[in-house]
$ cat upload-v8.cif   # mmCIF, C-alpha atoms
data_entry
#
loop_
_atom_site.group_PDB
_atom_site.id
_atom_site.type_symbol
_atom_site.label_atom_id
_atom_site.label_comp_id
_atom_site.auth_asym_id
_atom_site.auth_seq_id
_atom_site.Cartn_x
_atom_site.Cartn_y
_atom_site.Cartn_z
ATOM 1 C CA MET A 1 76.185 72.136 96.781
ATOM 2 C CA ARG A 2 78.463 73.480 99.526
ATOM 3 C CA LYS A 3 76.537 75.269 102.239
ATOM 4 C CA ILE A 4 78.086 78.632 103.099
ATOM 5 C CA THR A 5 77.765 80.132 106.546
ATOM 6 C CA LEU A 6 77.118 83.806 107.043
ATOM 7 C CA SER A 7 80.150 84.117 109.339
ATOM 8 C CA MET A 8 82.510 83.327 106.458
ATOM 9 C CA LYS A 9 81.117 86.118 104.296
ATOM 10 C CA GLY A 10 80.880 88.397 107.311
ATOM 11 C CA ARG A 11 84.558 87.997 108.176
ATOM 12 C CA LEU A 12 85.580 88.616 104.591
ATOM 13 C CA LYS A 13 83.431 91.731 104.330
ATOM 14 C CA ILE A 14 84.834 93.170 107.551
ATOM 15 C CA ALA A 15 88.380 92.515 106.338
ATOM 16 C CA LEU A 16 87.496 94.073 102.972
ATOM 17 C CA VAL A 17 86.168 97.259 104.606
ATOM 18 C CA ILE A 18 89.310 97.507 106.752
ATOM 19 C CA ASN A 19 91.573 97.176 103.715
ATOM 20 C CA LEU A 20 89.596 99.668 101.656
ATOM 21 C CA SER A 21 90.017 102.124 104.532
ATOM 22 C CA ILE A 22 93.757 101.404 104.684
ATOM 23 C CA LEU A 23 94.064 101.946 100.936
ATOM 24 C CA ILE A 24 92.405 105.357 101.137
ATOM 25 C CA ILE A 25 94.518 106.350 104.147
ATOM 26 C CA GLU A 26 97.780 105.239 102.520
ATOM 27 C CA LEU A 27 97.004 107.011 99.254
ATOM 28 C CA PHE A 28 96.281 110.158 101.261
ATOM 29 C CA GLY A 29 99.466 109.527 103.248
ATOM 30 C CA TYR A 30 101.442 109.308 100.004
ATOM 31 C CA TYR A 31 99.915 112.612 98.910
ATOM 32 C CA ILE A 32 100.840 114.494 102.096
ATOM 33 C CA SER A 33 104.205 112.824 102.854
ATOM 34 C CA ASP A 34 105.479 112.103 99.325
ATOM 35 C CA SER A 35 106.569 108.636 100.538
ATOM 36 C CA LEU A 36 106.842 106.201 97.644
ATOM 37 C CA ALA A 37 106.997 103.343 100.156
ATOM 38 C CA LEU A 38 103.448 104.176 101.248
ATOM 39 C CA LEU A 39 102.333 104.100 97.617
ATOM 40 C CA SER A 40 103.997 100.692 97.191
ATOM 41 C CA ASP A 41 102.290 99.426 100.331
ATOM 42 C CA ALA A 42 98.992 100.765 98.968
ATOM 43 C CA GLY A 43 99.643 98.589 95.926
ATOM 44 C CA HIS A 44 100.176 95.647 98.265
ATOM 45 C CA VAL A 45 96.918 96.480 100.036
ATOM 46 C CA THR A 46 95.251 96.431 96.615
ATOM 47 C CA THR A 47 96.303 92.769 96.226
ATOM 48 C CA ASP A 48 94.591 92.080 99.573
ATOM 49 C CA ILE A 49 91.420 93.792 98.392
ATOM 50 C CA LEU A 50 91.460 91.740 95.199
ATOM 51 C CA ALA A 51 92.023 88.518 97.156
ATOM 52 C CA LEU A 52 89.173 89.316 99.549
ATOM 53 C CA GLY A 53 86.877 90.365 96.706
ATOM 54 C CA THR A 54 87.676 87.179 94.787
ATOM 55 C CA ALA A 55 86.937 85.073 97.861
ATOM 56 C CA ILE A 56 83.550 86.794 98.303
ATOM 57 C CA ILE A 57 82.780 86.276 94.601
ATOM 58 C CA ALA A 58 83.685 82.600 94.948
ATOM 59 C CA ILE A 59 81.313 82.189 97.893
ATOM 60 C CA ASN A 60 78.460 83.952 96.099
ATOM 61 C CA LEU A 61 78.938 82.007 92.869
ATOM 62 C CA SER A 62 79.225 78.645 94.613
ATOM 63 C CA ALA A 63 75.830 79.302 96.210
ATOM 64 C CA LYS A 64 74.108 80.076 92.883
ATOM 65 C CA GLU A 65 72.027 77.409 91.178
ATOM 66 C CA PHE A 66 73.258 75.907 87.907
ATOM 67 C CA HIS A 67 71.101 76.331 84.805
ATOM 68 C CA GLU A 68 71.022 75.013 81.236
ATOM 69 C CA ARG A 69 73.338 77.734 79.925
ATOM 70 C CA ALA A 70 75.774 77.381 82.833
ATOM 71 C CA THR A 71 75.938 73.669 83.609
ATOM 72 C CA PHE A 72 79.258 74.154 85.390
ATOM 73 C CA GLY A 73 77.942 77.128 87.326
ATOM 74 C CA HIS A 74 79.700 80.497 87.411
ATOM 75 C CA HIS A 75 82.904 79.550 89.208
ATOM 76 C CA ARG A 76 85.215 80.643 86.383
ATOM 77 C CA ALA A 77 84.164 84.276 86.871
ATOM 78 C CA GLU A 78 86.562 84.472 89.827
ATOM 79 C CA VAL A 79 89.365 83.192 87.563
ATOM 80 C CA LEU A 80 88.725 85.874 84.947
ATOM 81 C CA ALA A 81 88.712 88.494 87.697
ATOM 82 C CA ALA A 82 92.007 87.148 89.069
ATOM 83 C CA ILE A 83 93.687 87.321 85.649
ATOM 84 C CA PHE A 84 92.450 90.878 85.082
ATOM 85 C CA ASN A 85 93.585 91.940 88.545
ATOM 86 C CA SER A 86 97.065 90.458 88.110
ATOM 87 C CA LEU A 87 97.571 92.297 84.818
ATOM 88 C CA MET A 88 96.431 95.542 86.436
ATOM 89 C CA LEU A 89 98.940 95.060 89.245
ATOM 90 C CA PHE A 90 101.752 94.631 86.720
ATOM 91 C CA GLY A 91 101.025 98.189 85.626
ATOM 92 C CA VAL A 92 101.066 99.422 89.228
ATOM 93 C CA CYS A 93 104.432 97.770 89.862
ATOM 94 C CA GLY A 94 105.846 99.207 86.647
ATOM 95 C CA TYR A 95 104.846 102.714 87.737
ATOM 96 C CA ILE A 96 106.418 102.245 91.176
ATOM 97 C CA PHE A 97 109.688 100.960 89.690
ATOM 98 C CA PHE A 98 109.809 103.959 87.344
ATOM 99 C CA ARG A 99 109.123 106.463 90.117
ATOM 100 C CA ALA A 100 111.674 104.774 92.409
ATOM 101 C CA TYR A 101 114.325 105.041 89.687
ATOM 102 C CA GLN A 102 113.561 108.737 89.274
ATOM 103 C CA ARG A 103 113.924 109.315 93.013
ATOM 104 C CA ILE A 104 117.173 107.387 93.238
ATOM 105 C CA VAL A 105 118.598 109.609 90.508
ATOM 106 C CA GLU A 106 117.117 112.745 92.095
ATOM 107 C CA PRO A 107 116.253 112.113 95.783
ATOM 108 C CA VAL A 108 113.126 113.792 97.168
ATOM 109 C CA ASP A 109 112.574 114.840 100.781
ATOM 110 C CA VAL A 110 109.962 112.723 102.552
ATOM 111 C CA LYS A 111 107.819 113.903 105.474
ATOM 112 C CA THR A 112 108.763 111.060 107.787
ATOM 113 C CA THR A 113 106.370 111.930 110.632
ATOM 114 C CA GLU A 114 103.327 111.653 108.373
ATOM 115 C CA MET A 115 104.808 108.560 106.763
ATOM 116 C CA LEU A 116 105.296 106.901 110.155
ATOM 117 C CA ILE A 117 101.781 107.726 111.389
ATOM 118 C CA VAL A 118 100.132 106.357 108.252
ATOM 119 C CA ALA A 119 102.378 103.253 108.288
ATOM 120 C CA VAL A 120 101.405 102.490 111.899
ATOM 121 C CA ILE A 121 97.697 102.847 111.012
ATOM 122 C CA GLY A 122 98.240 100.462 108.102
ATOM 123 C CA LEU A 123 100.010 97.958 110.337
ATOM 124 C CA ILE A 124 97.177 98.028 112.899
ATOM 125 C CA GLY A 125 94.550 97.635 110.179
ATOM 126 C CA ASN A 126 96.336 94.785 108.373
ATOM 127 C CA SER A 127 97.013 92.942 111.619
ATOM 128 C CA SER A 128 93.359 93.287 112.663
ATOM 129 C CA ALA A 129 92.089 92.007 109.299
ATOM 130 C CA ALA A 130 94.507 89.064 109.386
ATOM 131 C CA TYR A 131 93.390 88.193 112.921
ATOM 132 C CA ILE A 132 89.746 88.147 111.809
ATOM 133 C CA LEU A 133 90.488 85.496 109.177
ATOM 134 C CA HIS A 134 93.050 83.529 111.197
ATOM 135 C CA GLY A 135 92.470 79.820 111.723
ATOM 136 C CA HIS A 136 89.670 79.267 109.193
ATOM 137 C CA SER A 137 89.694 75.960 107.276
ATOM 138 C CA ASP A 138 88.138 77.208 104.020
ATOM 139 C CA ILE A 139 90.733 77.445 101.234
ATOM 140 C CA ASN A 140 89.495 80.839 100.026
ATOM 141 C CA ILE A 141 89.626 82.269 103.549
ATOM 142 C CA ARG A 142 93.129 80.858 104.041
ATOM 143 C CA GLY A 143 94.312 82.420 100.800
ATOM 144 C CA ALA A 144 92.947 85.825 101.790
ATOM 145 C CA TYR A 145 94.487 85.437 105.259
ATOM 146 C CA LEU A 146 97.950 84.836 103.784
ATOM 147 C CA HIS A 147 97.627 87.989 101.675
ATOM 148 C CA LEU A 148 96.776 90.004 104.782
ATOM 149 C CA LEU A 149 99.615 88.423 106.754
ATOM 150 C CA TYR A 150 102.172 89.328 104.080
ATOM 151 C CA ASP A 151 100.810 92.857 103.946
ATOM 152 C CA ALA A 152 101.132 93.200 107.717
ATOM 153 C CA LEU A 153 104.803 92.240 107.346
ATOM 154 C CA SER A 154 105.112 94.823 104.574
ATOM 155 C CA SER A 155 103.622 97.464 106.894
ATOM 156 C CA ILE A 156 106.235 96.571 109.507
ATOM 157 C CA GLY A 157 108.869 97.244 106.858
ATOM 158 C CA VAL A 158 107.383 100.678 106.122
ATOM 159 C CA VAL A 159 107.312 101.549 109.826
ATOM 160 C CA LEU A 160 110.950 100.514 110.254
ATOM 161 C CA GLY A 161 111.853 102.392 107.070
ATOM 162 C CA ALA A 162 110.237 105.570 108.363
ATOM 163 C CA LEU A 163 112.145 105.261 111.644
ATOM 164 C CA LEU A 164 115.453 104.699 109.821
ATOM 165 C CA ILE A 165 114.882 107.721 107.587
ATOM 166 C CA MET A 166 114.069 109.851 110.643
ATOM 167 C CA MET A 167 117.298 108.715 112.354
ATOM 168 C CA THR A 168 119.653 108.822 109.350
ATOM 169 C CA GLY A 169 118.126 111.375 106.990
ATOM 170 C CA PHE A 170 118.757 109.028 104.041
ATOM 171 C CA PHE A 171 115.625 109.675 101.984
ATOM 172 C CA ILE A 172 116.833 107.211 99.339
ATOM 173 C CA LEU A 173 115.748 104.457 101.759
ATOM 174 C CA ASP A 174 112.142 105.318 100.866
ATOM 175 C CA SER A 175 112.805 104.457 97.208
ATOM 176 C CA VAL A 176 114.684 101.274 98.103
ATOM 177 C CA LEU A 177 111.854 100.184 100.398
ATOM 178 C CA SER A 178 109.251 100.915 97.718
ATOM 179 C CA ILE A 179 111.146 98.694 95.259
ATOM 180 C CA LEU A 180 111.273 95.812 97.767
ATOM 181 C CA ILE A 181 107.530 96.056 98.432
ATOM 182 C CA ALA A 182 106.790 96.308 94.702
ATOM 183 C CA ILE A 183 108.778 93.119 94.165
ATOM 184 C CA LEU A 184 106.520 91.390 96.709
ATOM 185 C CA VAL A 185 103.443 92.687 94.893
ATOM 186 C CA LEU A 186 104.891 91.575 91.543
ATOM 187 C CA SER A 187 105.622 88.065 92.813
ATOM 188 C CA SER A 188 102.056 87.768 94.137
ATOM 189 C CA SER A 189 100.695 89.027 90.822
ATOM 190 C CA ILE A 190 102.755 86.523 88.831
ATOM 191 C CA LYS A 191 101.529 83.698 91.062
ATOM 192 C CA LEU A 192 97.925 84.898 90.658
ATOM 193 C CA LEU A 193 98.285 85.061 86.870
ATOM 194 C CA ARG A 194 99.889 81.613 86.710
ATOM 195 C CA GLU A 195 97.079 80.087 88.780
ATOM 196 C CA GLY A 196 94.462 81.736 86.549
ATOM 197 C CA ILE A 197 96.114 80.478 83.353
ATOM 198 C CA THR A 198 96.431 76.979 84.830
ATOM 199 C CA ILE A 199 92.671 76.886 85.439
ATOM 200 C CA ILE A 200 91.647 78.417 82.100
ATOM 201 C CA MET A 201 93.929 76.022 80.196
ATOM 202 C CA GLN A 202 92.580 73.106 82.261
ATOM 203 C CA TRP A 203 96.048 72.010 83.271
ATOM 204 C CA THR A 204 96.599 69.581 86.122
ATOM 205 C CA PRO A 205 96.285 71.396 89.470
ATOM 206 C CA GLU A 206 99.536 72.152 91.261
ATOM 207 C CA GLY A 207 100.338 69.577 93.907
ATOM 208 C CA LEU A 208 98.551 66.734 92.112
ATOM 209 C CA ASN A 209 100.207 64.171 89.835
ATOM 210 C CA VAL A 210 98.114 62.178 87.348
ATOM 211 C CA LYS A 211 100.504 59.209 87.374
ATOM 212 C CA ASP A 212 100.422 59.006 91.167
ATOM 213 C CA ILE A 213 96.617 58.969 91.157
ATOM 214 C CA VAL A 214 96.453 56.316 88.415
ATOM 215 C CA ASP A 215 98.974 54.127 90.259
ATOM 216 C CA ARG A 216 96.955 54.521 93.463
ATOM 217 C CA LEU A 217 93.709 53.471 91.751
ATOM 218 C CA LYS A 218 95.430 50.426 90.217
ATOM 219 C CA GLU A 219 96.184 49.224 93.737
ATOM 220 C CA LEU A 220 92.507 48.286 94.021
ATOM 221 C CA ASP A 221 92.024 44.564 93.351
ATOM 222 C CA GLU A 222 89.072 45.157 91.023
ATOM 223 C CA VAL A 223 90.898 47.693 88.810
ATOM 224 C CA LYS A 224 92.966 46.271 85.920
ATOM 225 C CA ASP A 225 93.733 49.492 84.111
ATOM 226 C CA VAL A 226 92.972 53.208 84.092
ATOM 227 C CA HIS A 227 93.135 55.277 80.902
ATOM 228 C CA ASP A 228 91.732 58.395 79.183
ATOM 229 C CA VAL A 229 92.444 60.282 82.395
ATOM 230 C CA HIS A 230 91.641 63.977 82.728
ATOM 231 C CA LEU A 231 92.301 66.077 85.815
ATOM 232 C CA TRP A 232 91.529 69.797 85.923
ATOM 233 C CA THR A 233 90.400 72.644 88.136
ATOM 234 C CA LEU A 234 86.939 74.142 87.805
ATOM 235 C CA CYS A 235 87.879 77.076 90.044
ATOM 236 C CA SER A 236 90.362 77.761 92.808
ATOM 237 C CA SER A 237 89.043 75.092 95.177
ATOM 238 C CA ILE A 238 87.139 72.564 93.034
ATOM 239 C CA TYR A 239 89.028 69.757 91.289
ATOM 240 C CA SER A 240 87.428 67.500 88.665
ATOM 241 C CA PHE A 241 88.518 64.069 87.489
ATOM 242 C CA SER A 242 87.386 61.756 84.687
ATOM 243 C CA ALA A 243 88.735 58.366 83.606
ATOM 244 C CA HIS A 244 87.952 54.974 82.049
ATOM 245 C CA ILE A 245 88.255 52.229 84.647
ATOM 246 C CA VAL A 246 88.912 48.710 83.273
ATOM 247 C CA VAL A 247 87.719 45.710 85.314
ATOM 248 C CA GLU A 248 87.191 42.017 84.612
ATOM 249 C CA GLU A 249 83.724 41.026 83.380
ATOM 250 C CA GLN A 250 82.835 39.142 86.544
ATOM 251 C CA ARG A 251 83.629 42.259 88.514
ATOM 252 C CA LEU A 252 80.869 44.250 86.834
ATOM 253 C CA ILE A 253 78.470 43.161 89.514
ATOM 254 C CA LYS A 254 80.614 45.145 91.942
ATOM 255 C CA THR A 255 80.386 48.346 89.914
ATOM 256 C CA GLU A 256 78.842 50.343 92.748
ATOM 257 C CA LYS A 257 81.505 49.198 95.206
ATOM 258 C CA ILE A 258 84.287 50.028 92.734
ATOM 259 C CA LYS A 259 82.811 53.484 92.228
ATOM 260 C CA ALA A 260 82.536 54.008 95.972
ATOM 261 C CA ASP A 261 86.126 52.898 96.608
ATOM 262 C CA ILE A 262 87.500 55.173 93.878
ATOM 263 C CA ARG A 263 85.330 58.036 95.088
ATOM 264 C CA ASP A 264 86.687 57.680 98.622
ATOM 265 C CA ILE A 265 90.314 57.631 97.417
ATOM 266 C CA LEU A 266 89.866 60.692 95.210
ATOM 267 C CA HIS A 267 88.041 62.651 97.880
ATOM 268 C CA GLU A 268 90.006 61.745 100.984
ATOM 269 C CA GLU A 269 93.523 61.513 99.544
ATOM 270 C CA TYR A 270 93.460 64.110 96.745
ATOM 271 C CA ASN A 271 90.581 66.467 97.669
ATOM 272 C CA ILE A 272 88.899 65.760 94.304
ATOM 273 C CA ARG A 273 85.179 66.300 94.856
ATOM 274 C CA HIS A 274 83.785 65.739 91.354
ATOM 275 C CA SER A 275 84.487 62.653 89.255
ATOM 276 C CA THR A 276 83.110 61.087 86.102
ATOM 277 C CA LEU A 277 83.916 57.381 85.806
ATOM 278 C CA GLU A 278 83.368 55.098 82.821
ATOM 279 C CA ILE A 279 83.522 51.428 83.782
ATOM 280 C CA GLU A 280 84.758 49.002 81.105
ATOM 281 C CA CYS A 281 85.346 45.272 81.236
ATOM 282 C CA VAL A 282 88.329 43.437 79.747
ATOM 283 C CA GLU A 283 86.206 40.901 77.845
ATOM 284 C CA CYS A 284 83.524 43.341 76.699
ATOM 285 C CA GLY A 285 85.503 44.972 73.892
ATOM 286 C CA ASP A 286 83.668 48.100 72.797
ATOM 287 C CA ASP A 287 80.685 47.389 75.048
ATOM 288 C CA MET A 288 80.885 49.334 78.247
ATOM 289 C CA ILE A 289 78.822 50.303 81.190
ATOM 290 C CA GLN A 290 78.880 54.075 81.658
ATOM 291 C CA THR A 291 78.296 55.472 85.073
ATOM 292 C CA VAL A 292 78.601 58.968 86.405
ATOM 293 C CA CYS A 293 79.246 59.589 90.045
ATOM 294 C CA HIS A 294 79.374 62.983 91.722
ATOM 295 C CA VAL A 295 81.567 62.998 94.779
#
$ encode --input "upload-v8.cif" --output "structure tokens"
Amino acid sequence: MRKITLSMKGRLKIALVINLSILIIELFGYYISDSLALLSDAGHVTTDILALGTAIIAINLSAKEFHERATFGHHRAEVLAAIFNSLMLFGVCGYIFFRAYQRIVEPVDVKTTEMLIVAVIGLIGNSSAAYILHGHSDINIRGAYLHLLYDALSSIGVVLGALLIMMTGFFILDSVLSILIAILVLSSSIKLLREGITIIMQWTPEGLNVKDIVDRLKELDEVKDVHDVHLWTLCSSIYSFSAHIVVEEQRLIKTEKIKADIRDILHEEYNIRHSTLEIECVECGDDMIQTVCHV
């Protein structure tokens, strides 16, 4: 079981508190300034909150002990949460698109000073949260960091938009900016939904190719064939692999070495940490030696 340090959870929680504060401030800013761009950015901040929350859930679940009714643990809970969150964000984006269309047809005056102040606060908060998570090697932390980085860029866009509206008086820019930010949120939501479906359907993880892995394993002198291959994702950072490995009968005495060699290849070259291997011999027919190795 992966040992989790307190600093990882601590950084995530600090970033989560910062983003919750930004969300409240931007929603209030939308209320007082009537800036749809701030509402769109609040939707983007919501994706950050969901990413941070999912990362914290993943850490908590990975630390829980397995039991007889949950032999795979509780990792898939984060996937269900991700799918639910992505669908919720579709609704948020739909509302923003509708409101932006209404304002393009009938422009509304925006209080640019309030909009600018709130946008600057959001930029400072997003940049601070991104800095807290910067440079961490954990995949969940990196994913949350990228969300925060994109949101910081979005906040820069809102700040620049507020300045342009103040200089030009073109309030329609607020609606245009809100649409652009909503598109960013929608693209993130689609990616989140696709990743969740990929895991639930037990499809091959993105970036890994079954044929490439099989060909790589066949390069081992002891391996004659590889079949009945299955490669899937247990959760966002745990890949699982199972296969029948065919060797010559005289090679059976090297079963442990074959297992170790395959385990090293899967772990070091493909980041596959869990594997179930069934060793068969060419001359044995239906007789086989079944072994299970946990990487």
$ residues_around --input "upload-v8.cif" --residues "Val229 of chain A" --least-positions-apart "4" --cutoff "7 Å" --atoms "only C-alpha atoms" --output "list of chain:residue names"
A:Ser242, A:Ala243, A:His244
$ closest_residue --input "upload-v8.cif" --among "A:Val210, A:Ala42, A:Ala129, A:Leu80" --to "Tyr270 of chain A" --atoms "only C-alpha atoms"
A:Val210
$ closest_residue --input "upload-v8.cif" --among "A:Thr276, A:Ser187, A:Thr255, A:Thr233" --to "Phe90 of chain A" --atoms "all atoms listed in the file"
A:Ser187
$ closest_residue --input "upload-v8.cif" --among "A:Gln102, A:Asn126, A:Gln202, A:Ser21" --to "His147 of chain A" --atoms "all atoms listed in the file"
A:Asn126
$ residues_around --input "upload-v8.cif" --residues "Gly157 of chain A" --least-positions-apart "3" --cutoff "9 Å" --atoms "only C-alpha atoms" --output "PyMOL selection string"
chain A and resi 119+152-154+160-162+177+181
$ resolve_selection --input "upload-v8.cif" --expression "the PyMOL selection byres ((chain A and resi 94) around 12)" --output "list of chain:residue names"
A:Ser40, A:Gly43, A:Leu87, A:Met88, A:Leu89, A:Phe90, A:Gly91, A:Val92, A:Cys93, A:Tyr95, A:Ile96, A:Phe97, A:Phe98, A:Arg99, A:Ala100, A:Tyr101, A:Ser178, A:Ile179, A:Ala182, A:Ile183, A:Val185, A:Leu186
$ atom_distance --input "upload-v8.cif" --atom1 "atom CA of Ser175 of chain A" --atom2 "atom CA of Leu193 of chain A"
26.3 Å
$ resolve_selection --input "upload-v8.cif" --expression "the PyMOL selection byres ((chain A and resi 192) around 10)" --output "NGL selection string"
:A and (47 or 51 or 79 or 82-87 or 186-191 or 193-198)
$ atom_distance --input "upload-v8.cif" --atom1 "atom CA of Leu217 of chain A" --atom2 "atom CA of Arg263 of chain A"
10.1 Å
$ atom_distance --input "upload-v8.cif" --atom1 "atom CA of Ile199 of chain A" --atom2 "atom CA of Leu234 of chain A"
6.8 Å
$ closest_residue --input "upload-v8.cif" --among "A:Gly207, A:Gly122, A:Gly73, A:Gly169" --to "Leu39 of chain A" --atoms "only C-alpha atoms"
A:Gly122
$ resolve_selection --input "upload-v8.cif" --expression "the PyMOL selection byres ((chain A and resi 116) around 10)" --output "ChimeraX atom specification"
/A:29,33,35,38,111-115,117-122,158-163,165-166
$ closest_residue --input "upload-v8.cif" --among "A:Ala70, A:Ile213, A:Leu133, A:Ile200" --to "Leu266 of chain A" --atoms "all atoms listed in the file"
A:Ile213
$ residues_around --input "upload-v8.cif" --residues "Asn209 of chain A" --least-positions-apart "6" --cutoff "12 Å" --atoms "all atoms listed in the file" --output "MDAnalysis selection string"
chainID A and resid 203 215:216 229:232 241 270
$ closest_residue --input "upload-v8.cif" --among "A:Asp109, A:Glu278, A:Asp212, A:Glu269" --to "His227 of chain A" --atoms "only C-alpha atoms"
A:Glu278
$ closest_atom_pairs --input "upload-v8.cif" --of "segment 27-90 of chain A" --to "segment 10-13 of chain A" --cutoff "12 Å" --atoms "all atoms listed in the file" --output "Markdown table"
| residue | atom | partner | partner_atom | distance |
| --- | --- | --- | --- | --- |
| A:Asp48 | CA | A:Leu12 | CA | 10.9 |
| A:Ile49 | CA | A:Leu12 | CA | 10.0 |
| A:Leu50 | CA | A:Leu12 | CA | 11.5 |
| A:Ala51 | CA | A:Leu12 | CA | 9.8 |
| A:Leu52 | CA | A:Leu12 | CA | 6.2 |
| A:Gly53 | CA | A:Leu12 | CA | 8.2 |
| A:Thr54 | CA | A:Leu12 | CA | 10.1 |
| A:Ala55 | CA | A:Leu12 | CA | 7.7 |
| A:Ile56 | CA | A:Leu12 | CA | 6.9 |
| A:Ile57 | CA | A:Leu12 | CA | 10.6 |
| A:Ala58 | CA | A:Leu12 | CA | 11.5 |
| A:Ile59 | CA | A:Leu12 | CA | 10.2 |
$ write_last_selection --input "upload-v8.cif" --atoms "C-alpha atoms" --output "CSV table (one decimal), in the frame of the given file"
chain,number,residue,atom,x,y,z
A,48,ASP,CA,94.6,92.1,99.6
A,49,ILE,CA,91.4,93.8,98.4
A,50,LEU,CA,91.5,91.7,95.2
A,51,ALA,CA,92.0,88.5,97.2
A,52,LEU,CA,89.2,89.3,99.5
A,53,GLY,CA,86.9,90.4,96.7
A,54,THR,CA,87.7,87.2,94.8
A,55,ALA,CA,86.9,85.1,97.9
A,56,ILE,CA,83.6,86.8,98.3
A,57,ILE,CA,82.8,86.3,94.6
A,58,ALA,CA,83.7,82.6,94.9
A,59,ILE,CA,81.3,82.2,97.9
$ axis_aligned_box --input "upload-v8.cif" --around "segment 123-133 of chain A" --padding-each-side "5 Å" --output "lines of an AutoDock Vina configuration file"
center_x = 94.9
center_y = 91.8
center_z = 110.6
size_x = 20.3
size_y = 22.5
size_z = 14.5
